[in-house]
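Here is the structure we will look at, set down as structure tokens.
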Amino acid sequence: MASEITYAEVKFKNESNSSSTYSESAAAPKGKPTPHLSKPGRPSLLFTSLMALFLLLTISFLVAFILYYQKYSQLLEEKKVIKDLTHKELNCKKDNSCPQNKVCSCCPKDWKPFSSHCYFITIDPASYSKSEEKCSSMGAHLMVIHSQEEQDFITKILDPKFAYYIGLLDPGRRQWRWVDQTPYNENAKFWHSGEPNGNDEQCVIINHRNSGWGWNDVRCNVEQKSVCQMKKIYL
Ligand code: MMA
Ligand code: CA
């Protein structure tokens with residue numbers, strides 16, 4: 001309160017000197033004018049404010065740029081890791097979901113694309129758990145089948161002389177579970193007739209019989225070929 005009153009007085013007494021600072025006005029209330037501060041004060045204050053604003057903008061811009069650059073490099077690095085370490089070579093194609101002239105969905109070399117996934121046929125026979133481990137080591141899992149189209153796509157590229165593990169198993173009490181935790185759909189199951197038939201057969205293969213392609217429950221230690229599946233990589 002007291003300082004407000006002092007300020008009002010100074011302003012009233014020294015109209016021509018209104019731009020000088022409060023402390024100076026208070027310190028030299030009468031007589032002595034403050035010639036150095038009066039005229040250069042105005043442009044100097046404006047200039048300083050502009051400089052400060054400019055500096056602030058520059059700093060904000062620099063900070064934003066650094067943050068953006070860090071994020072962008074991180075993204076590039078992640079993509080490089082996917083590309084170089086997990087899969088040496090990718091096959092990419094433009095699809096409907098792509099912005100124009102941009103590469104979009106990719107599958108590693110030797111993997112087959114279908115819908116939003118990539119599929120790899122492992123030809124070395126192995127138990128269910130070894131087969132699933134092999135898929136995991138490639139960033140994938142044993143194939144899950146959720147539609148007739150997906151079943152038809154894969155059977156077209158499988159050899160009818162062999163059986164292949166898929167990612168379906170019974171952890172107990174004949175409760176079928178997909179390895180990726182997606183629900184087991186009663187409307188999209190392709191058991192051969194008479195299957196599943198063995199309480200000691202808790203893993204599932206896909207193979208060809210006279211009636212066509214279908215699923216059969218088998219013991220999990222039986223060594224079979226397998227099919228791995230992973231989500232497409234979007235670049
Ligand atoms: C038969 C049939 C299947 C069973 C396998 C086990 C060849 O098919 O009984 O249901 O899973 O044998 O080898
Ligand atoms: Ca069986």
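Ligands are numbered from 1 in the order shown, residues from 1 within each chain, and chains are lettered A, B, ... in the order they appear in the structure tokens.
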### Task
Counting only C-alpha atoms and all ligand atoms, name the residues that have an atom within 10 Å of an atom of ligand 2; the answer should be given as a ChimeraX atom specification.
/A:191-192,194-205,215-219
### Task
List the neighbours of stretch 209-211 of chain A out to 10 Å using only C-alpha atoms; skip same-chain residues closer than 5 positions along the sequence, and give me the result as a list in words.
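So the residues in contact are Pro160, Lys161, His192 and Ser193 of chain A.
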Residue subset to file, keeping N, CA, C and O atoms, as a compact mmCIF listing (two decimals), in the first residue's frame:
```txt
# COMPACT_ATOMS: atom_id res chain seq x y z
N PRO A 160 0.96 -81.49 -48.71
CA PRO A 160 -0.02 -82.45 -48.15
C PRO A 160 0.61 -83.75 -47.61
O PRO A 160 -0.09 -84.52 -46.94
N LYS A 161 1.88 -83.96 -47.86
CA LYS A 161 2.54 -85.18 -47.33
C LYS A 161 2.91 -85.01 -45.85
O LYS A 161 3.26 -85.99 -45.20
N HIS A 192 -10.57 -82.45 -38.30
CA HIS A 192 -10.94 -83.59 -39.14
C HIS A 192 -12.09 -84.31 -38.44
O HIS A 192 -12.23 -84.21 -37.21
N SER A 193 -12.86 -85.06 -39.21
CA SER A 193 -13.97 -85.75 -38.56
C SER A 193 -13.39 -86.80 -37.60
O SER A 193 -12.37 -87.44 -37.89
```
### Which residue of A:Leu46, A:Ile206, A:Ala163, A:Ile66 approaches A:Pro125 most closely, using only C-alpha atoms
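Closest residue, counting only C-alpha atoms: A:Ala163.
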### Straight-line distance linking atom CA of A:Asn96 with atom CA of A:Tyr234, stated in Å to one decimal
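Distance between the two atoms: 12.9 Å.
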Cut-off 8 Å: closest stretch 173-226 of chain A/stretch 136-158 of chain A atom pairs per residue, using only C-alpha atoms, as JSON lines:
```
{"residue": "A:Trp178", "atom": "CA", "partner": "A:Val144", "partner_atom": "CA", "distance": 6.4}
{"residue": "A:Val179", "atom": "CA", "partner": "A:Leu142", "partner_atom": "CA", "distance": 7.0}
{"residue": "A:Asp180", "atom": "CA", "partner": "A:His141", "partner_atom": "CA", "distance": 7.3}
{"residue": "A:Asn185", "atom": "CA", "partner": "A:His146", "partner_atom": "CA", "distance": 7.2}
{"residue": "A:Ala188", "atom": "CA", "partner": "A:Ser147", "partner_atom": "CA", "distance": 5.5}
{"residue": "A:Lys189", "atom": "CA", "partner": "A:His146", "partner_atom": "CA", "distance": 7.8}
{"residue": "A:Trp213", "atom": "CA", "partner": "A:Thr155", "partner_atom": "CA", "distance": 6.9}
{"residue": "A:Ser226", "atom": "CA", "partner": "A:Leu142", "partner_atom": "CA", "distance": 7.3}
```
### Residue among A:Leu50, A:Val63, A:Cys228, A:Cys104 lying closest to A:Glu132, counting only C-alpha atoms
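Using only C-alpha atoms, the shortest distance to A:Glu132 belongs to A:Cys228.
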### Query
Pick from A:Met230, A:Leu75, A:Leu90, A:Leu235: nearest to A:Tyr119, with only C-alpha atoms counted?
A:Met230
### Task
Please provide as a list of chain:residue names all residues within 10 Å of A:Gln224, with the sequence filter that same-chain residues fewer than 5 positions apart are discarded (counting only C-alpha atoms).
A:Thr122, A:Ile123, A:Asp124, A:Pro125, A:Ala126, A:Ser127, A:Tyr128, A:Ser131, A:Phe162, A:Ala163, A:Tyr164, A:Tyr165, A:Ile205
### Query
Which is closest to ligand 1 among A:Ser115, A:Ser73, A:Thr58, A:Asn221, if we use only C-alpha atoms and all ligand atoms?
A:Asn221
### Task
To one decimal in Å, tell me the separation between atom CA of A:Tyr184 and atom CA of A:Gln229.
16.7 Å
### Message
Give me, as a ChimeraX atom specification, all polymer residues having an atom no more than 8 Å from stretch 108-113 of chain A, counting only C-alpha atoms and skipping those fewer than 6 positions away in the same chain.
### Response
/A:87-91,119-121,232
